[in-house]
Protein chains: 8
Amino acid sequence: MKKNELLIELEHVAAHKITPQQAANKLSKTDFTELNYAKIDTAREKRTGYSEVIYGAGKTAAQICGIASVMKKQGQSILVTRVIPEKAVKIQKEFPDLDYDAVAQIMTLNPKKSVHIGEIAIVTAGTSDIKVAEEAAITAEFFGNHVTRIYDVGVAGIQRLFAKLEVIRQAKVIIVIAGMEGALVSVIGGLVNQPVIGVPTSIGYGSHLNGLTPLLGMLNSCSAGISVVNIDNGFGAAFNASMINHLAVKEKIK
Amino acid sequence: MKKNELLIELEHVAAHKITPQQAANKLSKTDFTELNYAKIDTAREKRTGYSEVIYGAGKTAAQICGIASVMKKQGQSILVTRVIPEKAVKIQKEFPDLDYDAVAQIMTLNPKKSVHIGEIAIVTAGTSDIKVAEEAAITAEFFGNHVTRIYDVGVAGIQRLFAKLEVIRQAKVIIVIAGMEGALVSVIGGLVNQPVIGVPTSIGYGSHLNGLTPLLGMLNSCSAGISVVNIDNGFGAAFNASMINHLAVKEKIK
Amino acid sequence: MKKNELLIELEHVAAHKITPQQAANKLSKTDFTELNYAKIDTAREKRTGYSEVIYGAGKTAAQICGIASVMKKQGQSILVTRVIPEKAVKIQKEFPDLDYDAVAQIMTLNPKKSVHIGEIAIVTAGTSDIKVAEEAAITAEFFGNHVTRIYDVGVAGIQRLFAKLEVIRQAKVIIVIAGMEGALVSVIGGLVNQPVIGVPTSIGYGSHLNGLTPLLGMLNSCSAGISVVNIDNGFGAAFNASMINHLAVKEKIK
Amino acid sequence: MKKNELLIELEHVAAHKITPQQAANKLSKTDFTELNYAKIDTAREKRTGYSEVIYGAGKTAAQICGIASVMKKQGQSILVTRVIPEKAVKIQKEFPDLDYDAVAQIMTLNPKKSVHIGEIAIVTAGTSDIKVAEEAAITAEFFGNHVTRIYDVGVAGIQRLFAKLEVIRQAKVIIVIAGMEGALVSVIGGLVNQPVIGVPTSIGYGSHLNGLTPLLGMLNSCSAGISVVNIDNGFGAAFNASMINHLAVKEKIK
Amino acid sequence: MKKNELLIELEHVAAHKITPQQAANKLSKTDFTELNYAKIDTAREKRTGYSEVIYGAGKTAAQICGIASVMKKQGQSILVTRVIPEKAVKIQKEFPDLDYDAVAQIMTLNPKKSVHIGEIAIVTAGTSDIKVAEEAAITAEFFGNHVTRIYDVGVAGIQRLFAKLEVIRQAKVIIVIAGMEGALVSVIGGLVNQPVIGVPTSIGYGSHLNGLTPLLGMLNSCSAGISVVNIDNGFGAAFNASMINHLAVKEKIK
Amino acid sequence: MKKNELLIELEHVAAHKITPQQAANKLSKTDFTELNYAKIDTAREKRTGYSEVIYGAGKTAAQICGIASVMKKQGQSILVTRVIPEKAVKIQKEFPDLDYDAVAQIMTLNPKKSVHIGEIAIVTAGTSDIKVAEEAAITAEFFGNHVTRIYDVGVAGIQRLFAKLEVIRQAKVIIVIAGMEGALVSVIGGLVNQPVIGVPTSIGYGSHLNGLTPLLGMLNSCSAGISVVNIDNGFGAAFNASMINHLAVKEKIK
Amino acid sequence: MKKNELLIELEHVAAHKITPQQAANKLSKTDFTELNYAKIDTAREKRTGYSEVIYGAGKTAAQICGIASVMKKQGQSILVTRVIPEKAVKIQKEFPDLDYDAVAQIMTLNPKKSVHIGEIAIVTAGTSDIKVAEEAAITAEFFGNHVTRIYDVGVAGIQRLFAKLEVIRQAKVIIVIAGMEGALVSVIGGLVNQPVIGVPTSIGYGSHLNGLTPLLGMLNSCSAGISVVNIDNGFGAAFNASMINHLAVKEKIK
Amino acid sequence: MKKNELLIELEHVAAHKITPQQAANKLSKTDFTELNYAKIDTAREKRTGYSEVIYGAGKTAAQICGIASVMKKQGQSILVTRVIPEKAVKIQKEFPDLDYDAVAQIMTLNPKKSVHIGEIAIVTAGTSDIKVAEEAAITAEFFGNHVTRIYDVGVAGIQRLFAKLEVIRQAKVIIVIAGMEGALVSVIGGLVNQPVIGVPTSIGYGSHLNGLTPLLGMLNSCSAGISVVNIDNGFGAAFNASMINHLAVKEKIK
């Protein structure tokens, strides 16, 4: 609760515009919708600039439909991440409005189509990292950002990266997605003057440890200006990049 | 090498303004100064917006002086991180220009004093995290950012955080520094609409694993919009935050 | 063997009320029932206040039926945890008395229905943690406790937690169940004056390490008064909470 | 802020007993004292039943004195944990009121001496675990609990445990402290009907991993009713046990 | 090659009983049978007292049949470990002589039936550990040892162990098999005067880490006289125990 | 870009043999072919002596066909690793030219058949390591090396190794492939004067940690002259060995 | 308590030879001596064949003297392990009877000198492992075993091992001590028909992980018949070996 | 023992040139010198091309002098690695012939000065890696290789690497030494056609895990042709590189 919000209500009470009970209700109103299995944070967009996102991995199709149903009624945009194809089929039966992207495994309703601004570059080291990259790309587009995709420019053939460097440098913020040892993040970090967000992927085997190796590598990058999100977390990187991009173009999402 | 830079030189050669050998020298010039033990990246500021930073931990006092000496001659600003007091004494004997901050363990020369812009909030969970926070704060100030320090507002007494929330929300970007379990990052992440950079610290014991516990915690935050840097890496967080802050106020450091 | 139990028998022998051999048999009696594959601890309820619980995960349907059959004949209450649906079907074919809860994956017979006392609050951070929460809830009810369920109040939308705080504070003991980074435990721990039992869940991905991340986080909580059980161990948390709740209401289960 | 607290103030405003500004100040009052390097949570005792505890490990002697000085002025009891002898000497020079226990490495002022209630049993596996046990014991006594110490009854000589079992069973709650493999926790857990709090210690070598081995062992105990705190965290165990003990004797600390 | 073996041949050569070439062939003979995919160590029994054992897990049914076929022709006893049921069916089609034990997942031919000696006690903490125990038991019997099975006497109901202690003490060597935290090993180790071999099992969940927890626990046991084998390695424990048992009864297997 | 390459073009421009734009295009030509999902590094053979290899594990059958199709048109040799049988079937439907080896799980087109040189010894500890060994062997043969296979000579029957030592010593470089504890690498390393490349395999169980155990073992070998590649990385070992072998016979692959 | 011991006392009571109270005292006698900080297990020798051993690492000099003093009065042999030189000096001041071995860091009083039997071979891979080997050797001699030391025969120069093989084979049981990768254990295990006890040492660096690497290696040995103790645990290996050796020569220590 | 060596001796025996006992002695001669604490492998140079190297870290000054003394008498070259300055002083007092390099912490006697051949490039990412690089460089020179040092060309300023690429490409084999995330290895691996040996260093902090991060990174490099040695193992890399270099120039060290 913000201080001035409180003061305003107190003055209304002092002026007898509203009763103490009405003010109490208003000030202590629970800013969420309660379902049996979920409390939907309907104030999040106001508070953080972004509506609640549904993490699909741990929820049943029925639960996702229930939550989406509430959000749709409230006129919110809907983004559901980590929806495997079988679950998507079940959801679309009950909720045909939700679009499904099978590569990114994301469902959406009413993304912010018309206000795309700025530029987020999404760069991958290999072809195998594209799944995570698309999760990032579709998320970024959902939140109203322009996205440039530059895929498969890993350091084993570094001339591919140099050929794309000028394109990459036009972005406000750069997401770099890499499995194996994740070296691409450090190389790009040393060549640009934008913030770089590293996304390690689980692509590898043996001592790759399902992505811990590039995660540790990115956290210990010799290039400054790099921050990191969880393994395969294309969504998180895009969310973060969107915040930065919107700061950069002075257009905060309301 | 940028494409148009190449084309310009080629045209000069075609016009016989310069000889092929002169053009070759110019185009292949090595943008660094070579010492016995170091190659100082004198082009970094041009390339990334930031001059080279000297990581003091792995270098002798003599090596630091040697590198700083070259950079000073080139008129560069100098930032040396991770300098323990004993080493600082040795360095200042030979190089009295370098200021030393004993809490942050940073030495500086000619920071960008006059152009401080925007606002970076640096928040710590506890008193013990201040050392890392000051590394971040002094780095951020060195690179020309305003800094707001909000220390010791961890979630064990969450009313302290709420009392400071309006101040925190005025920043362009927020650095959250926490040891123990690092929960403060998630709580702040859920309450603001700016990018949050988490810095886990090595403050804790036992299963804290010297900071791996808050590092893992921050990477798995339930709040979106959070990215993470290495344990105790106040410098890295500030560098990243500076890039974002400068993007946000449309004043790139040259 | 308790000292006075021994003395009583010795006096009976001295008084020739029973023969030495009878006393020896009585004193060295094995307080368990022996099957081919199990030794059922029939004295546990007397010793610890709780009858033996069958851990279903490592046992065949036939073994579970065999053990349950012995316990039923002895008039004991039966709780079988970690029974997957396919196994439950097999068991119910042979043993239709056992009720099955498909969310909690628990089978029960004759829970302590009438003597529910006190109050245990079971709080989850997300919808995905409900499976573990129900294992805790049904276990707690089986052992005669009142349970209040407060689900999906994670710190990403912290106003949801504050709205439920008064309800939570009415419990004698609080179980907090969270995946991701597990920050909810620290936040609640800082706001209440009851013991809090943290249950990390395996909900997450990448560096979540199947629950090690929230486990480590909870063990390193900056709030005091928190203890922790194994990942996904809803049963263990409820068992522990039941002991505390019964202490608190001065009604030990016999 | 509690709902009825808000309503009361609103009614006072409506009745013009206080001005809106006065009510606003009162309702949004920050319940902490602000120092340069710390925000002392002066409302914690009211909120959680326990005053703030100073974690000494990460603070300078000067910082500890500063915080203690504020707390003393407010009439609070003071407990400082993890104070190594050298730091204790420095502190006592400036702040002679603070008592120091060299085994437990704890400093105290005004513990709750007169209201000791209930009984907490503190059991160790070995002689080497006593340091942690004393941290627990002095903490528990500070918060007004009776403590029974039972040291060096590890399972290598299990008859020692059985000889003390009746004493242990008289406690309301049992703290078991063990290094090596931590087996004592499981053995006691199987023999009592009180909640058991396990404290793994860092006593061991090689694959002991500084206490991770008994920590993991206790979390995976085959006995139910056990919860665990961080390695060497005698303080945390005692804090938790104190909450349970006070619940059990129906005397909450105010 | 043993020294006297060499000397004997040299003397035969000096005496012209055999030619140098014959002696060279004899002395450098390769003591194994070569297949395309395996080199069967036909000298192992002579060298170590035990014939080669076929580790079934990494081999195809065809490879197992090929190796077993060679060994059968040479009159060797055959033991194949880690054969899952599907593979066993395939093998028995081609090689019906091989007996299959579905619990232990072991195939055998011509075990040393008549010369069983000494006594190996195989003790498990729970019912779920029986699979590993049977791998140990059948291996031990295959190599000519008497085996006593004592299953499900874990420390959660320690009176079960005490009831069986006299039986356990009659063995020459004791194998203790336990999952969870593996505490049973330490308790038995403190009560007997025989060597104890600990076998951690993968029974558990969460921070059990697939058996690493009891493995670490057993390696750090507070009881002396304990050695440990790999997780679930019933075979290895039995092999080791057999060597000790045969030493103890002075009857080496030939 | 090599310096003299640049100078030559500059002189051509000065001599007006080509226009500045033509020179610019030539000098900045992107040495790769761009597909939607991949950038094929067509300059790799020129740069590193080896054409690009397709890592099949993270790609769809369609992607592999697309890349192979481009490479075939350019007359390159093709090697696809880690192709599981189901995927191989799909690929061969569309691209019947590609041969498939089901043990090595490798597809090839136009390996360098006629120029096999030198000798690479590939040694395995067990039968179960053959899959990885064949990945190495077929890769080595693809790149024009002679290969000697010596399988199943692990140290449990060390006479098998000694019998093959002279054959092993004839190679220019030795690849040693071992699971379990990987001791074979150290033993061979102590007996030969060639470089030894260790390949740990994922063959084992329990504390084998899917190959981390032999990986760590090989990295810590007491024998000098050993280097190591990732777990199960037969391809990487063969690639490295091929480079060494070709150096040794003074015949670089062009 | 053994059953017949109980029966005998009961019959004495029935025959009125002793009073019930006397029998109760006798049967429930606590078989340990209680100090302030320790409970000395005076029954251990009777129960396990070996007197209590004092683990010196976690105890003060004063505590060690206190315990040793009690044991000496009871006529027990004394073995104190892990005593660093500084502590040994303090102890010998108060307790000059205790001999100190500076390599093994062991103190002893009254070892079983006259009854040395059998033969334990103690083999090390390198010179650096001798410290652990001497801990084992002196422990084994203390408990009445003959010891053969064979040091520095690691597999990098395997002919050294073969030269000593006949000596090694004369032992009843073999302790193999190795750091680095620990391969020596597997090689010896494949060449002998005695039980082998592996002791990993902390000798190594980098990915050696302070001994975890050879520990894991030994647990995964491809040779059967090997069991393992904790890193650097020369004492534990010797204790175990002593039990086996005494079994083998049919002379149990009383 | 080689086959033909055996045959020759047998024929000598058959021809009565030598007695059977003389032949036996000759054939079973132990190829090492035995000290109290070490068995010096005097045959290693003959067997592997390289004399024994003394690993200084785990040995006392006295032991190093003893071993060096034997080797000097036998006319062997001597290389002692990992000698800290204090130990070097002690050694040089007794053994002034040994040269000491304080950066590399290596002592040498009679390196192969005159026969330096080929070229090994030693490349470091940073200034802090020089210590490990010098261990490699001096080792390589000791074994008769030319060495080119290229220090501080990490990827944060990648133009430094490109400026040195032609020099690097002139080597037969390349050692790349890097801390932080170790990305330099992958970048170089993608640009050259020589074998690359990666050496991770312990330079870093926090999640760097003392070098595990670059070790894992190098093992998972996206560039082929890379093999890896232990953290900080400059010696091992140089030893391996020397073998390859000598193969390449067809001049084996005898």
# chains A, B, ... in the order shown; residues from 1 in each chain; ligands from 1
>>> residues_around(residues="Val53 in chain F", least_positions_apart="4", cutoff="8 Å", atoms="only C-alpha atoms", output="number ranges by chain")
F: 78-81
>>> interface_residues(of="chain B", to="chain D", cutoff="9 Å", atoms="only C-alpha atoms", output="PyMOL selection string")
chain B and resi 126-130+151-153+156-157+159-160+162-163+203-208
>>> select_by_dssp(residues="range 35-146 of chain A", states="strand (DSSP E)", output="ChimeraX atom specification")
/A:39-40,54-55,78-81,99-101,106-109,117-124,145-146
>>> write_last_selection(atoms="C-alpha atoms", output="short mmCIF file (atom, residue, chain, number, x, y, z; two decimals), in the first residue's frame")
data_model
loop_
_atom_site.label_atom_id
_atom_site.label_comp_id
_atom_site.auth_asym_id
_atom_site.auth_seq_id
_atom_site.Cartn_x
_atom_site.Cartn_y
_atom_site.Cartn_z
CA LYS A 39 -4.65 -17.34 -6.26
CA ILE A 40 -4.42 -15.31 -9.46
CA ILE A 54 1.12 -19.19 -16.18
CA TYR A 55 3.97 -21.69 -15.68
CA ILE A 78 -2.42 -14.63 -21.37
CA LEU A 79 0.94 -16.37 -21.71
CA VAL A 80 1.32 -20.04 -20.74
CA THR A 81 4.85 -21.47 -20.86
CA ASP A 99 -2.73 -20.25 -29.77
CA TYR A 100 0.00 -22.87 -29.44
CA ASP A 101 3.56 -22.68 -30.71
CA ILE A 106 3.96 -21.66 -25.44
CA MET A 107 0.25 -20.78 -25.55
CA THR A 108 -0.88 -17.16 -25.90
CA LEU A 109 -3.98 -15.02 -25.99
CA ILE A 117 9.25 -1.26 -29.86
CA GLY A 118 13.02 -1.31 -29.62
CA GLU A 119 14.96 -4.41 -30.55
CA ILE A 120 16.04 -7.53 -28.73
CA ALA A 121 18.65 -9.70 -30.43
CA ILE A 122 18.35 -13.42 -29.71
CA VAL A 123 21.51 -15.26 -30.62
CA THR A 124 22.15 -19.02 -30.39
CA ASN A 145 9.29 -6.04 -28.34
CA HIS A 146 10.82 -6.36 -31.78
#
>>> residues_around(residues="Ala248 in chain C", least_positions_apart="4", cutoff="10 Å", atoms="only C-alpha atoms", output="JSON, numbers by chain")
{"C": [117, 118, 119, 172, 173, 242, 243, 244, 252], "D": [244, 245, 246, 247, 248, 249, 250]}
>>> select_by_dssp(residues="range 71-139 of chain D", states="helix (DSSP H, G or I)", output="PyMOL selection string")
chain D and resi 71-73+85-94+127-139
>>> write_last_selection(atoms="C-alpha atoms", output="PDB file, in the first residue's frame")
ATOM      1  CA  MET D  71      18.874  -2.579  21.696  1.00  0.00           C
ATOM      2  CA  LYS D  72      20.076  -1.985  25.246  1.00  0.00           C
ATOM      3  CA  LYS D  73      18.588   1.510  25.211  1.00  0.00           C
ATOM      4  CA  PRO D  85      37.318 -14.773  21.250  1.00  0.00           C
ATOM      5  CA  GLU D  86      39.357 -11.973  19.630  1.00  0.00           C
ATOM      6  CA  LYS D  87      36.194 -10.133  18.654  1.00  0.00           C
ATOM      7  CA  ALA D  88      34.649 -10.720  22.082  1.00  0.00           C
ATOM      8  CA  VAL D  89      37.630  -9.024  23.727  1.00  0.00           C
ATOM      9  CA  LYS D  90      37.194  -5.968  21.503  1.00  0.00           C
ATOM     10  CA  ILE D  91      33.466  -5.827  22.188  1.00  0.00           C
ATOM     11  CA  GLN D  92      33.795  -6.185  25.935  1.00  0.00           C
ATOM     12  CA  LYS D  93      36.240  -3.311  26.017  1.00  0.00           C
ATOM     13  CA  GLU D  94      33.542  -1.012  24.698  1.00  0.00           C
ATOM     14  CA  THR D 127      32.643 -35.033  22.821  1.00  0.00           C
ATOM     15  CA  SER D 128      33.583 -33.028  19.734  1.00  0.00           C
ATOM     16  CA  ASP D 129      29.968 -31.936  19.242  1.00  0.00           C
ATOM     17  CA  ILE D 130      29.858 -30.070  22.573  1.00  0.00           C
ATOM     18  CA  LYS D 131      30.689 -26.669  21.084  1.00  0.00           C
ATOM     19  CA  VAL D 132      27.545 -26.756  18.973  1.00  0.00           C
ATOM     20  CA  ALA D 133      25.565 -28.185  21.851  1.00  0.00           C
ATOM     21  CA  GLU D 134      26.553 -25.330  24.116  1.00  0.00           C
ATOM     22  CA  GLU D 135      25.470 -22.807  21.455  1.00  0.00           C
ATOM     23  CA  ALA D 136      22.107 -24.526  21.569  1.00  0.00           C
ATOM     24  CA  ALA D 137      21.983 -24.804  25.342  1.00  0.00           C
ATOM     25  CA  ILE D 138      22.819 -21.197  26.090  1.00  0.00           C
ATOM     26  CA  THR D 139      20.413 -19.989  23.431  1.00  0.00           C
TER      27      THR D 139
END
>>> residues_around(residues="Ile226 in chain B", least_positions_apart="5", cutoff="8 Å", atoms="only C-alpha atoms", output="PyMOL selection string")
(chain A and resi 229+236+240) or (chain B and resi 185+189+195-198+218-219+221)
>>> write_last_selection(atoms="N, CA, C and O atoms", output="mmCIF file, in the first residue's frame")
data_model
loop_
_atom_site.group_PDB
_atom_site.id
_atom_site.type_symbol
_atom_site.label_atom_id
_atom_site.label_comp_id
_atom_site.auth_asym_id
_atom_site.auth_seq_id
_atom_site.Cartn_x
_atom_site.Cartn_y
_atom_site.Cartn_z
ATOM 1 N N VAL A 229 20.525 -16.241 -16.488
ATOM 2 C CA VAL A 229 19.283 -16.811 -15.946
ATOM 3 C C VAL A 229 19.423 -18.334 -15.902
ATOM 4 O O VAL A 229 20.436 -18.888 -16.339
ATOM 5 N N GLY A 236 12.497 -16.376 -18.919
ATOM 6 C CA GLY A 236 13.069 -15.432 -17.957
ATOM 7 C C GLY A 236 13.978 -14.413 -18.624
ATOM 8 O O GLY A 236 13.963 -13.219 -18.285
ATOM 9 N N ASN A 240 13.262 -10.320 -18.721
ATOM 10 C CA ASN A 240 14.279 -9.377 -18.276
ATOM 11 C C ASN A 240 14.663 -8.423 -19.404
ATOM 12 O O ASN A 240 14.750 -7.204 -19.216
ATOM 13 N N VAL B 185 15.772 -11.244 -3.091
ATOM 14 C CA VAL B 185 15.683 -11.034 -4.539
ATOM 15 C C VAL B 185 14.286 -11.350 -5.070
ATOM 16 O O VAL B 185 13.707 -10.584 -5.842
ATOM 17 N N GLY B 189 11.702 -8.693 -6.543
ATOM 18 C CA GLY B 189 11.319 -8.964 -7.935
ATOM 19 C C GLY B 189 9.815 -8.961 -8.146
ATOM 20 O O GLY B 189 9.328 -8.606 -9.228
ATOM 21 N N PRO B 195 14.255 -3.967 -14.026
ATOM 22 C CA PRO B 195 15.108 -5.163 -13.999
ATOM 23 C C PRO B 195 15.851 -5.261 -12.674
ATOM 24 O O PRO B 195 16.305 -4.253 -12.142
ATOM 25 N N VAL B 196 15.936 -6.471 -12.147
ATOM 26 C CA VAL B 196 16.619 -6.740 -10.885
ATOM 27 C C VAL B 196 17.818 -7.647 -11.166
ATOM 28 O O VAL B 196 17.683 -8.659 -11.836
ATOM 29 N N ILE B 197 18.977 -7.248 -10.659
ATOM 30 C CA ILE B 197 20.185 -8.061 -10.785
ATOM 31 C C ILE B 197 20.526 -8.611 -9.415
ATOM 32 O O ILE B 197 20.765 -7.853 -8.471
ATOM 33 N N GLY B 198 20.518 -9.938 -9.293
ATOM 34 C CA GLY B 198 20.818 -10.574 -8.014
ATOM 35 C C GLY B 198 22.297 -10.859 -7.867
ATOM 36 O O GLY B 198 22.937 -11.340 -8.796
ATOM 37 N N MET B 218 18.608 -17.687 -6.363
ATOM 38 C CA MET B 218 18.282 -16.558 -7.233
ATOM 39 C C MET B 218 18.016 -17.019 -8.669
ATOM 40 O O MET B 218 17.140 -16.491 -9.345
ATOM 41 N N LEU B 219 18.770 -18.012 -9.128
ATOM 42 C CA LEU B 219 18.554 -18.531 -10.485
ATOM 43 C C LEU B 219 17.190 -19.186 -10.624
ATOM 44 O O LEU B 219 16.664 -19.307 -11.729
ATOM 45 N N SER B 221 14.407 -18.182 -8.946
ATOM 46 C CA SER B 221 13.420 -17.301 -8.333
ATOM 47 C C SER B 221 12.047 -17.463 -8.965
ATOM 48 O O SER B 221 11.911 -17.604 -10.176
#
>>> residues_around(residues="Glu141 in chain F", least_positions_apart="5", cutoff="8 Å", atoms="only C-alpha atoms", output="ChimeraX atom specification")
/F:111-113,116,146-147
>>> atom_distance(atom1="CA of Leu7 in chain C", atom2="CA of Ile158 in chain D")
21.7 Å
>>> decode(residues="range 139-144 of chain B", atoms="all heavy atoms", output="JSON list (two decimals), in the first residue's frame")
[["chain", "number", "residue", "atom", "x", "y", "z"],
["B", 139, "THR", "N", 31.94, 0.93, -8.07],
["B", 139, "THR", "CA", 32.04, 0.65, -9.52],
["B", 139, "THR", "C", 31.00, 1.47, -10.29],
["B", 139, "THR", "O", 31.30, 2.08, -11.31],
["B", 139, "THR", "CB", 31.83, -0.85, -9.77],
["B", 139, "THR", "OG1", 32.87, -1.57, -9.12],
["B", 139, "THR", "CG2", 31.87, -1.16, -11.26],
["B", 140, "ALA", "N", 29.77, 1.45, -9.79],
["B", 140, "ALA", "CA", 28.70, 2.16, -10.49],
["B", 140, "ALA", "C", 28.99, 3.66, -10.55],
["B", 140, "ALA", "O", 28.79, 4.31, -11.58],
["B", 140, "ALA", "CB", 27.36, 1.90, -9.80],
["B", 141, "GLU", "N", 29.44, 4.19, -9.44],
["B", 141, "GLU", "CA", 29.78, 5.61, -9.43],
["B", 141, "GLU", "C", 30.95, 5.91, -10.36],
["B", 141, "GLU", "O", 30.97, 6.93, -11.06],
["B", 141, "GLU", "CB", 30.08, 6.06, -7.99],
["B", 141, "GLU", "CG", 28.80, 6.12, -7.13],
["B", 141, "GLU", "CD", 29.06, 6.27, -5.65],
["B", 141, "GLU", "OE1", 30.22, 6.12, -5.23],
["B", 141, "GLU", "OE2", 28.09, 6.50, -4.91],
["B", 142, "PHE", "N", 31.93, 5.02, -10.38],
["B", 142, "PHE", "CA", 33.08, 5.18, -11.27],
["B", 142, "PHE", "C", 32.61, 5.33, -12.72],
["B", 142, "PHE", "O", 33.17, 6.10, -13.49],
["B", 142, "PHE", "CB", 34.00, 3.97, -11.12],
["B", 142, "PHE", "CG", 35.20, 3.98, -12.03],
["B", 142, "PHE", "CD1", 36.37, 4.61, -11.65],
["B", 142, "PHE", "CD2", 35.16, 3.35, -13.26],
["B", 142, "PHE", "CE1", 37.48, 4.62, -12.48],
["B", 142, "PHE", "CE2", 36.26, 3.35, -14.10],
["B", 142, "PHE", "CZ", 37.43, 3.99, -13.72],
["B", 143, "PHE", "N", 31.59, 4.59, -13.08],
["B", 143, "PHE", "CA", 31.12, 4.62, -14.47],
["B", 143, "PHE", "C", 30.02, 5.66, -14.69],
["B", 143, "PHE", "O", 29.30, 5.61, -15.69],
["B", 143, "PHE", "CB", 30.64, 3.23, -14.91],
["B", 143, "PHE", "CG", 31.76, 2.26, -15.12],
["B", 143, "PHE", "CD1", 31.80, 1.06, -14.43],
["B", 143, "PHE", "CD2", 32.79, 2.55, -16.01],
["B", 143, "PHE", "CE1", 32.84, 0.16, -14.63],
["B", 143, "PHE", "CE2", 33.83, 1.64, -16.20],
["B", 143, "PHE", "CZ", 33.86, 0.46, -15.51],
["B", 144, "GLY", "N", 29.83, 6.57, -13.72],
["B", 144, "GLY", "CA", 28.98, 7.71, -13.97],
["B", 144, "GLY", "C", 27.50, 7.53, -13.66],
["B", 144, "GLY", "O", 26.65, 8.12, -14.31]]
